[in-house]
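Below: coords.cif (mmCIF, C-alpha atoms)
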```cif
data_data
#
loop_
_atom_site.label_atom_id
_atom_site.label_comp_id
_atom_site.auth_asym_id
_atom_site.auth_seq_id
_atom_site.Cartn_x
_atom_site.Cartn_y
_atom_site.Cartn_z
CA SER A 778 55.01 103.72 125.73
CA LEU A 779 52.37 101.82 127.55
CA PHE A 780 51.08 98.97 125.42
CA ILE A 781 48.05 96.99 126.47
CA ASN A 782 47.20 93.61 125.01
CA PRO A 783 44.05 94.17 122.96
CA GLN A 784 42.76 90.72 123.87
CA GLN A 785 42.47 91.71 127.50
CA LYS A 786 39.55 93.76 128.62
CA CYS A 787 40.92 97.17 129.40
CA THR A 788 40.20 98.26 132.94
CA VAL A 789 42.61 101.18 133.17
CA LYS A 790 40.68 104.40 133.36
CA THR A 791 43.27 107.08 132.83
CA ILE A 792 46.72 107.07 131.40
CA VAL A 793 49.52 109.45 132.28
CA ILE A 794 52.74 109.23 130.36
CA ALA A 795 55.95 110.54 131.90
CA SER A 796 59.15 110.63 129.95
CA ASN A 797 62.54 110.80 131.60
CA ILE A 798 62.81 114.50 132.11
CA GLN A 799 59.49 116.14 131.54
CA SER A 800 55.99 114.82 131.45
CA PHE A 801 54.20 114.38 128.19
CA CYS A 802 50.97 116.31 128.39
CA CYS A 803 48.53 113.52 127.85
CA LEU A 804 45.78 112.69 130.27
CA PHE A 805 43.08 110.68 128.63
CA GLU A 806 40.22 108.50 129.61
CA LEU A 807 40.59 105.19 127.88
CA THR A 808 36.98 104.16 128.05
CA GLU A 809 35.83 106.66 125.47
CA LYS A 810 36.19 106.75 121.74
CA HIS A 811 38.78 108.98 120.21
CA LEU A 812 38.90 110.82 116.93
CA VAL A 813 42.17 111.15 115.08
CA LEU A 814 42.79 113.55 112.22
CA LEU A 815 45.61 112.53 109.93
CA ARG A 816 47.76 114.73 107.75
CA ASP A 817 46.37 113.27 104.55
CA GLY A 818 42.89 114.41 105.62
CA ARG A 819 41.56 111.12 106.87
CA THR A 820 39.51 110.80 110.04
CA LEU A 821 39.83 107.71 112.21
CA ILE A 822 37.60 106.92 115.15
CA GLY A 823 38.44 104.20 117.63
CA PHE A 824 39.42 103.26 121.17
CA LEU A 825 42.84 104.61 122.04
CA ARG A 826 45.03 101.90 123.53
CA SER A 827 48.48 103.44 123.48
CA ILE A 828 50.14 106.80 123.01
CA ASP A 829 53.66 108.07 123.45
CA GLN A 830 55.54 111.37 123.29
CA PHE A 831 55.75 111.21 119.48
CA ALA A 832 51.97 110.76 119.27
CA ASN A 833 52.36 107.24 117.90
CA LEU A 834 48.94 105.69 118.46
CA VAL A 835 47.35 102.31 118.75
CA LEU A 836 43.61 102.35 118.04
CA GLN A 837 41.24 99.45 118.43
CA GLN A 838 37.94 98.89 116.61
CA THR A 839 38.86 101.70 114.30
CA VAL A 840 36.49 103.13 111.79
CA GLU A 841 37.49 105.45 108.97
CA ARG A 842 34.87 108.17 108.66
CA ILE A 843 34.43 109.97 105.37
CA HIS A 844 32.63 113.31 105.50
CA VAL A 845 31.01 114.87 102.46
CA GLY A 846 28.92 117.92 103.23
CA LYS A 847 26.46 117.00 105.94
CA ARG A 848 26.70 113.28 105.37
CA TYR A 849 29.24 110.71 106.43
CA GLY A 850 30.02 107.06 105.98
CA ASP A 851 32.05 104.62 108.07
CA ILE A 852 34.48 101.96 106.91
CA PRO A 853 35.47 99.47 109.63
CA ARG A 854 39.24 99.02 109.78
CA GLY A 855 40.14 97.02 112.88
CA ILE A 856 43.37 97.78 114.76
CA PHE A 857 45.50 100.70 113.63
CA ILE A 858 49.04 101.67 114.52
CA VAL A 859 49.60 105.26 113.50
CA ARG A 860 53.05 106.79 113.28
CA GLY A 861 53.10 110.05 115.20
CA GLU A 862 54.35 112.25 112.38
CA ASN A 863 51.08 111.69 110.49
CA VAL A 864 48.86 112.77 113.34
CA VAL A 865 47.34 116.24 113.28
CA LEU A 866 45.11 115.99 116.26
CA LEU A 867 43.58 113.55 118.67
CA GLY A 868 40.27 114.32 120.34
CA GLU A 869 38.01 112.66 122.85
CA ILE A 870 34.55 112.09 121.49
CA ASP A 871 31.77 113.21 123.76
CA LEU A 872 29.04 110.63 123.28
CA GLU A 873 26.27 113.04 124.16
CA LYS A 874 27.42 115.58 121.63
CA GLU A 875 27.76 112.84 119.07
CA SER A 876 24.10 111.94 119.29
CA ASP A 877 23.24 115.62 118.98
CA THR A 878 24.89 116.30 115.66
CA SER A 879 22.93 117.12 112.55
CA LEU A 880 25.06 114.80 110.48
CA GLN A 881 23.45 112.00 108.62
CA GLN A 882 25.02 108.59 108.20
CA VAL A 883 24.77 106.91 104.82
CA CYS A 884 26.10 103.62 103.53
CA ILE A 885 29.68 103.28 102.39
CA GLU A 886 29.06 103.04 98.66
CA ASP A 887 27.03 106.25 98.63
CA ILE A 888 29.58 108.25 100.56
CA LEU A 889 32.46 107.02 98.43
CA GLU A 890 30.54 108.05 95.34
CA GLU A 891 29.89 111.49 96.81
CA GLN A 892 33.54 111.82 97.73
CA ARG A 893 34.58 110.89 94.22
CA LEU A 894 32.27 113.57 92.79
CA GLN A 895 33.62 116.12 95.26
CA GLN A 896 37.23 115.31 94.28
CA GLN A 897 36.27 115.58 90.63
CA SER A 898 34.69 119.01 90.96
CA ARG A 899 37.68 120.17 93.04
CA GLN A 900 40.11 119.03 90.40
CA GLU A 901 38.13 120.77 87.67
CA ALA A 902 38.10 123.99 89.68
CA GLU A 903 41.85 123.63 90.19
CA LYS A 904 42.34 123.24 86.46
CA THR A 905 40.35 126.40 85.67
CA LYS A 906 42.30 128.27 88.32
CA HIS A 907 45.58 127.04 86.98
CA LEU A 908 44.62 127.96 83.44
CA ALA A 909 43.45 131.44 84.37
CA LEU A 910 46.61 132.12 86.34
CA LYS A 911 48.73 130.76 83.52
CA GLU A 912 47.05 133.16 81.11
CA ARG A 913 48.14 135.97 83.37
CA GLY A 914 51.68 134.73 83.32
CA LEU A 915 51.76 133.05 86.70
CA VAL A 916 52.63 129.39 86.99
CA MET A 917 52.51 127.93 90.46
CA PRO A 918 54.82 124.94 91.01
CA ARG A 919 52.83 121.79 91.68
CA SER A 920 54.49 119.48 94.10
CA ASP A 921 52.74 116.34 92.83
CA ILE A 922 54.19 116.58 89.31
CA MET A 923 57.60 117.79 90.38
CA ASP A 924 60.31 115.22 90.79
CA GLU A 925 63.18 115.31 93.24
CA TYR A 926 65.35 117.53 91.03
CA GLY A 927 62.73 120.26 90.90
CA VAL A 928 61.83 119.49 87.29
CA GLN A 929 58.19 119.96 86.51
CA HIS A 930 56.54 117.58 84.14
CA GLN A 931 53.76 118.58 81.79
CA TYR A 932 50.89 116.18 81.59
CA MET B 228 62.76 125.82 126.50
CA LEU B 229 61.72 129.43 126.34
CA PHE B 230 58.46 128.84 124.57
CA TYR B 231 57.69 125.82 126.69
CA SER B 232 57.88 128.00 129.81
CA PHE B 233 56.02 130.76 128.03
CA PHE B 234 53.14 128.47 127.13
CA LYS B 235 53.10 127.01 130.60
CA SER B 236 52.42 130.50 131.90
CA LEU B 237 49.39 130.67 129.61
CA VAL B 238 47.73 127.49 130.86
CA GLY B 239 44.08 128.19 131.57
CA LYS B 240 43.77 130.99 129.05
CA ASP B 241 41.73 130.90 125.88
CA VAL B 242 43.75 130.49 122.73
CA VAL B 243 43.05 129.86 119.07
CA VAL B 244 45.29 127.32 117.40
CA GLU B 245 45.58 127.51 113.64
CA LEU B 246 46.82 124.32 112.02
CA LYS B 247 48.91 123.87 108.93
CA ASN B 248 46.80 123.10 105.93
CA ASP B 249 49.10 121.95 103.17
CA LEU B 250 50.46 118.98 105.00
CA SER B 251 50.58 115.88 102.90
CA PRO B 252 53.22 115.57 100.18
CA GLY B 253 50.43 114.66 97.76
CA ASP B 254 48.86 118.10 97.99
CA THR B 255 49.25 120.37 95.01
CA ARG B 256 50.87 123.72 95.84
CA SER B 257 50.48 125.63 99.06
CA ALA B 258 46.91 126.78 99.45
CA HIS B 259 48.14 129.92 101.16
CA ALA B 260 50.26 131.05 98.24
CA THR B 261 47.50 130.60 95.68
CA GLY B 262 45.12 132.46 97.96
CA LEU B 263 47.39 135.48 97.91
CA TRP B 264 47.63 135.50 94.15
CA GLU B 265 43.91 135.08 93.82
CA ASN B 266 43.40 138.24 95.82
CA VAL B 267 45.59 140.05 93.33
CA PHE B 268 43.70 138.77 90.34
CA SER B 269 40.26 139.09 91.83
CA TYR B 270 40.15 142.67 90.67
CA LEU B 271 40.22 141.56 87.07
CA GLU B 272 36.69 141.29 85.85
CA ASP B 273 37.02 138.39 83.52
CA VAL B 274 38.18 136.00 86.20
CA ASP B 275 35.88 133.01 86.29
CA LYS B 276 33.63 132.87 89.31
CA GLY B 277 34.88 129.40 90.10
CA ILE B 278 38.31 130.76 90.89
CA GLN B 279 36.96 133.01 93.59
CA GLU B 280 36.26 130.07 95.84
CA HIS B 281 37.68 130.22 99.31
CA SER B 282 40.84 128.19 99.36
CA GLU B 283 42.40 129.74 102.42
CA SER B 284 40.47 127.74 104.93
CA TYR B 285 42.62 126.31 107.65
CA LEU B 286 41.40 124.35 110.59
CA SER B 287 41.34 126.79 113.48
CA ILE B 288 40.49 125.53 116.89
CA CYS B 289 39.50 127.77 119.76
CA GLY B 290 39.84 126.43 123.28
CA THR B 291 41.34 126.72 126.74
CA LEU B 292 44.97 125.76 127.02
CA HIS B 293 45.08 122.79 129.36
CA SER B 294 48.69 121.76 129.06
CA VAL B 295 51.78 121.92 126.91
CA ASP B 296 54.93 119.84 126.78
CA GLN B 297 58.53 120.17 125.66
CA TYR B 298 57.60 119.39 122.05
CA LEU B 299 55.00 122.17 122.23
CA ASN B 300 52.22 119.62 121.80
CA ILE B 301 49.08 121.35 123.00
CA LYS B 302 46.09 120.00 124.86
CA LEU B 303 42.96 122.13 124.62
CA THR B 304 39.72 121.75 126.53
CA ASP B 305 36.27 123.00 125.59
CA ILE B 306 37.08 123.38 121.97
CA SER B 307 35.10 124.98 119.20
CA VAL B 308 35.99 125.05 115.55
CA THR B 309 35.86 128.39 113.81
CA ASP B 310 34.38 126.90 110.64
CA PRO B 311 32.16 123.98 111.61
CA GLU B 312 30.72 123.71 108.09
CA LYS B 313 34.04 122.78 106.63
CA TYR B 314 35.13 120.48 109.43
CA PRO B 315 32.04 118.64 110.63
CA HIS B 316 34.00 115.85 112.29
CA MET B 317 34.98 118.04 115.19
CA LEU B 318 31.43 118.65 116.32
CA SER B 319 31.41 115.89 118.93
CA VAL B 320 34.87 116.56 120.31
CA LYS B 321 35.29 118.54 123.52
CA ASN B 322 38.97 118.10 124.35
CA CYS B 323 41.81 117.49 122.01
CA PHE B 324 45.50 116.93 121.82
CA ILE B 325 47.30 118.73 119.00
CA ARG B 326 50.70 117.60 117.85
CA GLY B 327 53.19 120.45 118.04
CA SER B 328 54.52 119.94 114.53
CA VAL B 329 51.20 120.74 112.84
CA VAL B 330 50.60 124.09 114.52
CA ARG B 331 51.01 127.11 112.34
CA TYR B 332 49.90 129.85 114.76
CA VAL B 333 48.68 130.13 118.30
CA GLN B 334 46.62 133.24 118.79
CA LEU B 335 46.90 134.54 122.32
CA PRO B 336 44.85 137.04 124.29
CA ALA B 337 46.83 140.27 124.05
CA ASP B 338 46.43 141.26 127.67
CA GLU B 339 47.98 138.03 128.91
CA VAL B 340 51.25 138.60 127.17
CA ASP B 341 53.95 140.88 128.53
CA THR B 342 55.83 141.61 125.32
CA GLN B 343 58.69 143.41 127.09
CA LEU B 344 59.33 140.44 129.33
CA LEU B 345 59.10 138.07 126.40
CA GLN B 346 61.48 140.14 124.33
CA ASP B 347 64.04 140.29 127.14
CA ALA B 348 63.76 136.58 127.76
CA ALA B 349 64.19 135.80 124.07
CA ARG B 350 67.25 138.05 123.91
CA LYS B 351 68.80 136.30 126.91
CA GLU B 352 68.06 132.90 125.42
CA ALA B 353 69.66 133.89 122.13
CA LEU B 354 72.79 135.06 123.97
CA GLN B 355 72.90 131.84 125.96
CA GLN B 356 72.60 129.77 122.81
CA LYS B 357 75.47 131.61 121.18
CA GLN B 358 77.83 130.71 124.03
#
```
Show me this structure written as structure tokens.
Amino acid sequence: SLFINPQQKCTVKTIVIASNIQSFCCLFELTEKHLVLLRDGRTLIGFLRSIDQFANLVLQQTVERIHVGKRYGDIPRGIFIVRGENVVLLGEIDLEKESDTSLQQVCIEDILEEQRLQQQSRQEAEKTKHLALKERGLVMPRSDIMDEYGVQHQY
Amino acid sequence: MLFYSFFKSLVGKDVVVELKNDLSPGDTRSAHATGLWENVFSYLEDVDKGIQEHSESYLSICGTLHSVDQYLNIKLTDISVTDPEKYPHMLSVKNCFIRGSVVRYVQLPADEVDTQLLQDAARKEALQQKQ
């Protein structure tokens, strides 16, 4: 993979990665910001500095963006190295489109509070669902309370 | 190799890529499975309204296939998300690279696919692999 020293000012405009046999389909402009969606649902926005065929990424000046409804909040994170298996997608952010969006930025504390409330209401809905299904004789296995032997714990 | 060549033949066509939803190990059960059961129980009148909520919402991205590689990673240009309300972060993204391992389906235009050819090619590949 092509690794660029983050201290140096990056003057490379495009990056084409070729592996031994076949080329890895990745042509990107390095001067623009990129958005990365991770498998755990997080969104990272930063300058892409390195990518390889496994989608391992190096992002500089990364910001974690939390979206709740129409509002979002940013948490500055610095330099990120992301292991490829956790990446869902990587997109180039179009700066013009970004200024066009109807989304409203709020401060970090507010968005974290909204996120917490959203998680809470989701969990409550899950519980009602689970209870209603249980009453009808259907118990769905929950992977978070199941240990490695397939034993479900009741909490 | 077969599907790599197959996708290469579709470069430039419009496709819809549906991504896997239940990805992280921390997620509670598969959203897809509960969705199916909810459809069964939705006919019962005493089901709480809260249960009816739409849980089968996967990120679906519509775009033009720009390139594909041996891992079936996909690069799409001119993308649009089928449910922008649920995924507002994609609003400012025009092109994206999707890791092959997170793709659930790729919806193709029906008239671009020669199913006979594909079937024959798959049969040949299967025979080759057996040897």
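The space between CA of Thr309 (chain B) and CA of Val333 (chain B) spans 13.7 Å.
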Could you please determine the separation between CA of Leu299 (chain B) and CA of Ile822 (chain A) in Å, to one decimal place?
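These two atoms are separated by 24.2 Å.
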Point-to-point distance in Å for CA of Phe857 (chain A) and CA of Leu814 (chain A)
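Interatomic distance here is 13.2 Å.
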Just say which residues the PyMOL selection byres ((chain B and resi 247) around 6) picks in this file, as a PyMOL selection string.
chain B and resi 246+248+329-331
Distance filter 9 Å, all atoms listed in the file, chain A against chain B, as an MDAnalysis selection string:
chainID A and resid 799:803 811:812 816:818 820 830:832 842 844 846:847 861:878 880 902:903 905:906 909:910 913 915 917:922
Assuming the chain letters and numbering stay as they are in my file, what does the PyMOL selection byres ((chain B and resi 307) around 6) actually select? List them as number ranges by chain.
B: 288-289, 306, 308
Which is closer to Leu815 (chain A) than all the others in A:Val916, A:Val859, A:Val883, A:Leu908, using all atoms listed in the file?
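Among the listed residues, the smallest separation from Leu815 (chain A) belongs to A:Val859.
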Where is the centre and how long are the edges: axis-aligned box on region 820-823 of chain A, 5 Å on each side, Å to one decimal, as lines of an AutoDock Vina configuration file:
```
center_x = 38.7
center_y = 107.5
center_z = 113.8
size_x = 12.2
size_y = 16.6
size_z = 17.6
```
Exactly which residues make up the result of the PyMOL selection byres ((chain A and resi 825) around 8) on this file, given as a PDB file with C-alpha atoms, in the frame of the given file?
```
ATOM      1  CA  LEU A 807      40.590 105.190 127.880  1.00  0.00           C
ATOM      2  CA  LYS A 810      36.190 106.750 121.740  1.00  0.00           C
ATOM      3  CA  HIS A 811      38.780 108.980 120.210  1.00  0.00           C
ATOM      4  CA  GLY A 823      38.440 104.200 117.630  1.00  0.00           C
ATOM      5  CA  PHE A 824      39.420 103.260 121.170  1.00  0.00           C
ATOM      6  CA  ARG A 826      45.030 101.900 123.530  1.00  0.00           C
ATOM      7  CA  SER A 827      48.480 103.440 123.480  1.00  0.00           C
ATOM      8  CA  ILE A 828      50.140 106.800 123.010  1.00  0.00           C
ATOM      9  CA  LEU A 834      48.940 105.690 118.460  1.00  0.00           C
ATOM     10  CA  VAL A 835      47.350 102.310 118.750  1.00  0.00           C
ATOM     11  CA  LEU A 836      43.610 102.350 118.040  1.00  0.00           C
ATOM     12  CA  GLN A 837      41.240  99.450 118.430  1.00  0.00           C
TER      13      GLN A 837
END
```
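Closest approach to Val238 (chain B) among B:Leu292, B:Tyr332, B:Ser287, B:Gln343 is made by B:Leu292 (distances from all atoms listed in the file).
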